[in-house]
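Okay, so here's the structure we're looking at.
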There are 2 protein chains.
Amino acid sequence: MTMLDELYPAARLADAAEAANRAGLDALLLTPGADLRYVVGYDAHAMERLTCLAIPAGGDPFLVVPRLELPAAKASPAGRLGLELVPWDETDDPYAVVAGRLGRPGAVGLADRMWAMMVLRFAAALPGARQELASLALGPLRARKSPAEVAALREAGQAIDRVHERVPGWLLAGRTEQEVAADISDAILAEGHGRVDFAIVASGPNGASPHHTASDRVIREGDTVVVDIGGTMPSGYCSDCTRTYVIGQPPDDFAAYYQVLKDAQDAACAAVRPGASAESIDAAAREPITAAGYGPYFVHRTGHGIGLETHEDPYIVAGNTEPLQPGHAFSVEPGIYPGQHGARIEDIVVCTDTGCERLNTVTRELVSVPA
Amino acid sequence: MTMLDELYPAARLADAAEAANRAGLDALLLTPGADLRYVVGYDAHAMERLTCLAIPAGGDPFLVVPRLELPAAKASPAGRLGLELVPWDETDDPYAVVAGRLGRPGAVGLADRMWAMMVLRFAAALPGARQELASLALGPLRARKSPAEVAALREAGQAIDRVHERVPGWLLAGRTEQEVAADISDAILAEGHGRVDFAIVASGPNGASPHHTASDRVIREGDTVVVDIGGTMPSGYCSDCTRTYVIGQPPDDFAAYYQVLKDAQDAACAAVRPGASAESIDAAAREPITAAGYGPYFVHRTGHGIGLETHEDPYIVAGNTEPLQPGHAFSVEPGIYPGQHGARIEDIVVCTDTGCERLNTVTRELVSVPA
């Protein structure tokens with residue numbers, strides 16, 4: 001339980017209530033997902049039957065749960081918190097149960113990924129309550145990772161690095177992207193993840209589509225291949241790492257911009273320190289790419305926060321003036337996508353008290369797989 | 001493309017607009033998920049960047065999509081529909097893009113599983129629009145499966161039946177539930193699914209918790225084991241089938257209620273026909289179980305609709321007076337859970353013009369695995 005207690009400390013419930021109060025919310029309503037897991041450690045199954053942790057800003061929290069899920073809720077880390085569990089039966093109205101206990105809140109914060117069917121049911125059950133997002137309260141807490149959370153992200157980073165180290169063994173001319181992705185998916189699990197989140201294998205021209213997944217395209221000699229992979233560890237924390245490979249020798253025009261890209265990724269990481277704005281990291285990555293004439297080919301933001309979700313605050317994008325703080329964890333992943341091929345380099349980094357720690361340490365040099 | 005055209009016919013867009021109109025909605029707003037896939041066949045990735053198919057009740061539909069996802073959207077079945085694609089860039093406000101094109105709708109129908117962060121952004125961008133659920137319009141369409149959809153569900157049923165046929169080979173005394181679940185998960189993929197949705201292996205007393213998943217409990221001689229498994233086929237359609245097994249000879253008290261359960265599941269299937277209410281199927285399952293004295297141990301509804309989602313309309317539960325129609329597809333899955341052990345039998349069935357077709361045909365007899 002030690003690791004669990006550190007990752008999901010019992011004090012989170014009180015912290016969340018206090019954050020709700022500071023955000024002007026009378027209660028948080030957390031359905032299954034990262035917000036719920038963050039506060040009490042319960043990795044609940046998202047389904048049409050309502051599971052909802054209600055956290056009044058002043059008052060005792062309670063977890064409304066389908067009676068079928070009661071054993072799972074009790075067995076989860078939430079079970080150790082002495083939290084009141086309120087089971088409901090198949091023909092009960094669980095929204096009325098929550099509303100009846102909350103009284104007349106003026107404003108509630110909904111889990112950011114709560115389903116619309118639940119949002120509208122809560123709107124009807126709590127007609128006087130203004131609906132806001134729980135992230136108003138929880139966002140800043142979730143974005144600043146504790147040492148235990150950084151350790152969990154580091155563990156995830158090392159696991160995905162081990163997968164990248166094995167990629168050259170599968171990336172062979174004559175195989176399809178999908179075949180390679182299947183091997184990678186198996187390895188994501190074998191290296192310690194509990195779930196595969198994505199296994200992007202984008203070869204040749206497919207590498208120029210940043211969110212290409214994996215197709216039946218056959219990989220050929222001279223292809224460059226963008227491999228962007230990630231999963232979720234049993235801890236709940238996610239990995240996400242991109243490397244670009246080449247089968248044999250890269251095309252001449254590719255080699256030229258790969259070095260620009262690598263320098264840009266280094267420059268962005270070097271800019272990470274407390275107080276620097278999120279958008280300044282994006283600018284630091286964009287500057288050398290623009291200077292080298294590849295600006296129009298860097299078509300996405302530089303990064304996204306990561307933790308219990310692969311994409312969360314803070315987003316490293318123009319317009320986000322939020323200052324970085326120690327514990328902020330996010331991706332630094334510039335890309336250049338001219339069209340015939342493309343490249344991206346992505347590490348997860350953490351803002352430390354003085355600068356930047358990379359959680360991915362597998363080589364960022366272009367790895368050539370013998371053709 | 002033939003199968004695809006039948007599963008996701010081009011006429012769906014017009015059908016959806018007409019259904020919106022009938023439901024009093026001026027537009028449907030469909031974010032990634034089953035509603036979007038149903039209408040245009042696009043299996044879009046759910047993420048924080050907005051992808052939204054807007055379907056005005058009168059007017060031309062359009063798909064707002066992050067520029068990064070444009071290649072995926074074009075390559076999807078939606079690409080063949082001549083639908084207007086509206087890409088947005090990283091620093092644009094896609095909610096304003098949707099609102100600007102819609103004008104001033106009085107009521108919009110939101111995808112039932114749209115995230116709260118999007119629901120609230122749309123509320124702000126369309127301040128005059130009452131928010132309802134898209135299922136007001138799409139629910140009845142999605143619930144009545146076309147012949148092509150029934151064929152896709154039948155294919156899914158046959159795939160999961162083949163997995164059940166192999167279960168006795170893995171369900172050996174001395175192995176843990178998790179080890180068995182891992183073998184089952186591999187087989188769910190090997191037998192043709194594109195994704196594993198769940199692999200419940202609940203042995204001995206764990207079988208009495210209907211939503212137990214799989215633990216490190218070691219399976220022993222004399223254990224009964226509830227195996228409830230399902231996945232999603234490449235077509236998008238889901239499987240879900242439960243059988244109960246025993247290692248060697250079952251406990252005496254178990255054998256008594258297993259036959260009651262089997263009779264109840266048969267009775268419920270026999271009650272399925274057009275015009276019968278959803279709740280009457282629940283009652284038909286409950287009656288023999290109650291008559292035999294096991295009523296208090298049947299703690300959940302009898303079933304749920306299934307299609308592009310594992311759980312969807314119609315729900316087979318007391319209080320749902322909706323009359324069944326040809327094409328309604330749902331699970332019939334009574335269970336008895338006395339505590340020391342439990343049992344459940346689940347088939348997916350389709351309401352036909354005259355009665356019921358079972359899509360799972362693997363034996364419902366208690367299968368004894370040699371100890």
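Just so we're on the same page: first chain in the structure tokens is A, next is B, and so on; residues restart at 1 for each chain, and ligands are numbered from 1 in the order they show up.
Every protein, DNA or RNA residue with an atom at most 12 Å from Phe298 of chain B, where only C-alpha atoms count and chain neighbours fewer than 6 positions away do not, is listed here: A:Leu68, A:Asp89, A:Glu90, B:Ala208, B:Ser209, B:Pro210, B:Tyr257, B:Val260, B:Leu261, B:Ala264, B:Asp282, B:Ala283, B:Ala285, B:Arg286, B:Glu287, B:Pro288, B:Ile289, B:Thr290, B:Ala292, B:Glu333, B:Pro334, B:Gly335, B:Ile336, B:Tyr337, B:Pro338, B:Gly339, B:Gly342, B:Ala343, B:Arg344.
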Near chain A, 8 Å: chain B residue rows, closest pairs, only C-alpha atoms, as JSON lines:
{"residue": "B:Met47", "atom": "CA", "partner": "A:His311", "partner_atom": "CA", "distance": 7.8}
{"residue": "B:Glu48", "atom": "CA", "partner": "A:His311", "partner_atom": "CA", "distance": 7.4}
{"residue": "B:Leu68", "atom": "CA", "partner": "A:His211", "partner_atom": "CA", "distance": 6.3}
{"residue": "B:Glu69", "atom": "CA", "partner": "A:His211", "partner_atom": "CA", "distance": 6.4}
{"residue": "B:Pro71", "atom": "CA", "partner": "A:Ser209", "partner_atom": "CA", "distance": 6.9}
{"residue": "B:Ala72", "atom": "CA", "partner": "A:His212", "partner_atom": "CA", "distance": 6.8}
{"residue": "B:Glu90", "atom": "CA", "partner": "A:His300", "partner_atom": "CA", "distance": 6.3}
{"residue": "B:Thr91", "atom": "CA", "partner": "A:Ala318", "partner_atom": "CA", "distance": 7.0}
{"residue": "B:Leu110", "atom": "CA", "partner": "A:Ala116", "partner_atom": "CA", "distance": 7.0}
{"residue": "B:Ala111", "atom": "CA", "partner": "A:Ala116", "partner_atom": "CA", "distance": 7.1}
{"residue": "B:Asp112", "atom": "CA", "partner": "A:Met117", "partner_atom": "CA", "distance": 5.0}
{"residue": "B:Arg113", "atom": "CA", "partner": "A:Trp115", "partner_atom": "CA", "distance": 4.3}
{"residue": "B:Met114", "atom": "CA", "partner": "A:Ala116", "partner_atom": "CA", "distance": 5.1}
{"residue": "B:Trp115", "atom": "CA", "partner": "A:Arg113", "partner_atom": "CA", "distance": 4.3}
{"residue": "B:Ala116", "atom": "CA", "partner": "A:Met114", "partner_atom": "CA", "distance": 5.1}
{"residue": "B:Met117", "atom": "CA", "partner": "A:Asp112", "partner_atom": "CA", "distance": 5.0}
{"residue": "B:Val119", "atom": "CA", "partner": "A:Ala116", "partner_atom": "CA", "distance": 6.6}
{"residue": "B:Leu120", "atom": "CA", "partner": "A:Glu132", "partner_atom": "CA", "distance": 7.4}
{"residue": "B:Gln131", "atom": "CA", "partner": "A:Leu120", "partner_atom": "CA", "distance": 7.9}
{"residue": "B:Glu132", "atom": "CA", "partner": "A:Leu120", "partner_atom": "CA", "distance": 7.4}
{"residue": "B:Leu133", "atom": "CA", "partner": "A:Met117", "partner_atom": "CA", "distance": 6.7}
{"residue": "B:Ser209", "atom": "CA", "partner": "A:Pro71", "partner_atom": "CA", "distance": 6.9}
{"residue": "B:Pro210", "atom": "CA", "partner": "A:Leu68", "partner_atom": "CA", "distance": 6.3}
{"residue": "B:His211", "atom": "CA", "partner": "A:Leu68", "partner_atom": "CA", "distance": 6.3}
{"residue": "B:His212", "atom": "CA", "partner": "A:Ala72", "partner_atom": "CA", "distance": 6.9}
{"residue": "B:Val299", "atom": "CA", "partner": "A:Leu68", "partner_atom": "CA", "distance": 7.7}
{"residue": "B:His300", "atom": "CA", "partner": "A:Glu90", "partner_atom": "CA", "distance": 6.3}
{"residue": "B:Arg301", "atom": "CA", "partner": "A:Glu90", "partner_atom": "CA", "distance": 6.5}
{"residue": "B:His311", "atom": "CA", "partner": "A:Glu48", "partner_atom": "CA", "distance": 7.4}
{"residue": "B:Val317", "atom": "CA", "partner": "A:Glu90", "partner_atom": "CA", "distance": 7.9}
{"residue": "B:Ala318", "atom": "CA", "partner": "A:Thr91", "partner_atom": "CA", "distance": 7.0}
{"residue": "B:Gly319", "atom": "CA", "partner": "A:Thr91", "partner_atom": "CA", "distance": 7.4}
Problem - Test item: residues at most 9 Å from Ile219 of chain B, only C-alpha atoms, excluding those fewer than 5 positions along its chain, as a ChimeraX atom specification - result: /B:171-177,203-204,224-225,247
Selection file, N, CA, C and O atoms, as a PDB file, in the first residue's frame:
ATOM      1  N   LEU B 171      -8.967 -23.023 -18.484  1.00  0.00           N
ATOM      2  CA  LEU B 171      -9.567 -22.877 -17.151  1.00  0.00           C
ATOM      3  C   LEU B 171      -9.146 -24.057 -16.280  1.00  0.00           C
ATOM      4  O   LEU B 171      -9.925 -24.974 -16.037  1.00  0.00           O
ATOM      5  N   LEU B 172      -7.901 -24.013 -15.840  1.00  0.00           N
ATOM      6  CA  LEU B 172      -7.347 -25.171 -15.136  1.00  0.00           C
ATOM      7  C   LEU B 172      -7.078 -24.835 -13.680  1.00  0.00           C
ATOM      8  O   LEU B 172      -6.637 -23.718 -13.360  1.00  0.00           O
ATOM      9  N   ALA B 173      -7.337 -25.810 -12.803  1.00  0.00           N
ATOM     10  CA  ALA B 173      -7.018 -25.631 -11.386  1.00  0.00           C
ATOM     11  C   ALA B 173      -5.538 -25.286 -11.257  1.00  0.00           C
ATOM     12  O   ALA B 173      -4.695 -25.853 -11.957  1.00  0.00           O
ATOM     13  N   GLY B 174      -5.251 -24.328 -10.391  1.00  0.00           N
ATOM     14  CA  GLY B 174      -3.861 -23.918 -10.191  1.00  0.00           C
ATOM     15  C   GLY B 174      -3.509 -22.631 -10.916  1.00  0.00           C
ATOM     16  O   GLY B 174      -2.494 -22.002 -10.607  1.00  0.00           O
ATOM     17  N   ARG B 175      -4.309 -22.223 -11.882  1.00  0.00           N
ATOM     18  CA  ARG B 175      -4.049 -20.965 -12.593  1.00  0.00           C
ATOM     19  C   ARG B 175      -4.839 -19.834 -11.943  1.00  0.00           C
ATOM     20  O   ARG B 175      -5.875 -20.064 -11.321  1.00  0.00           O
ATOM     21  N   THR B 176      -4.347 -18.612 -12.108  1.00  0.00           N
ATOM     22  CA  THR B 176      -5.093 -17.483 -11.566  1.00  0.00           C
ATOM     23  C   THR B 176      -6.137 -16.996 -12.574  1.00  0.00           C
ATOM     24  O   THR B 176      -6.026 -17.239 -13.778  1.00  0.00           O
ATOM     25  N   GLU B 177      -7.120 -16.284 -12.043  1.00  0.00           N
ATOM     26  CA  GLU B 177      -8.126 -15.673 -12.927  1.00  0.00           C
ATOM     27  C   GLU B 177      -7.454 -14.795 -13.967  1.00  0.00           C
ATOM     28  O   GLU B 177      -7.830 -14.790 -15.143  1.00  0.00           O
ATOM     29  N   SER B 203     -14.134 -16.528 -10.264  1.00  0.00           N
ATOM     30  CA  SER B 203     -14.165 -17.905  -9.770  1.00  0.00           C
ATOM     31  C   SER B 203     -14.650 -17.954  -8.324  1.00  0.00           C
ATOM     32  O   SER B 203     -14.458 -17.016  -7.551  1.00  0.00           O
ATOM     33  N   GLY B 204     -15.278 -19.086  -7.966  1.00  0.00           N
ATOM     34  CA  GLY B 204     -15.728 -19.293  -6.592  1.00  0.00           C
ATOM     35  C   GLY B 204     -16.540 -18.108  -6.105  1.00  0.00           C
ATOM     36  O   GLY B 204     -17.451 -17.652  -6.805  1.00  0.00           O
ATOM     37  N   THR B 224     -16.821 -22.959  -9.290  1.00  0.00           N
ATOM     38  CA  THR B 224     -17.581 -22.551 -10.460  1.00  0.00           C
ATOM     39  C   THR B 224     -16.995 -21.218 -10.917  1.00  0.00           C
ATOM     40  O   THR B 224     -16.470 -20.449 -10.108  1.00  0.00           O
ATOM     41  N   VAL B 225     -17.041 -20.960 -12.222  1.00  0.00           N
ATOM     42  CA  VAL B 225     -16.374 -19.779 -12.772  1.00  0.00           C
ATOM     43  C   VAL B 225     -17.287 -19.093 -13.800  1.00  0.00           C
ATOM     44  O   VAL B 225     -17.677 -19.712 -14.797  1.00  0.00           O
ATOM     45  N   ILE B 247     -15.008 -26.502 -12.387  1.00  0.00           N
ATOM     46  CA  ILE B 247     -13.803 -27.330 -12.420  1.00  0.00           C
ATOM     47  C   ILE B 247     -14.132 -28.619 -11.677  1.00  0.00           C
ATOM     48  O   ILE B 247     -14.266 -28.619 -10.443  1.00  0.00           O
TER      49      ILE B 247
END
Practice task
Using DSSP on the backbone, list every residue of segment 110-341 of chain B that comes out as alpha helix (DSSP H), and give them as number ranges by chain.
Solution key: B: 116-125, 135-143, 147-166, 177-190, 252-270, 278-291
Exercise for the section: Pick out each residue of segment 38-235 of chain B that DSSP on the backbone tags as strand (DSSP E); I need them as a count of residues only. Expected result: 41
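Taking only C-alpha atoms into account, Ala137 of chain B lies nearest to B:Ala17 out of the set B:Leu4, B:Ala268, B:Ala17, B:Ala278.
Atom CA of Ser76 of chain A lies 21.7 Å from atom CA of Lys145 of chain A.
What separates atom CA of Glu357 of chain B from atom CA of Ala276 of chain B is a distance of 15.0 Å.
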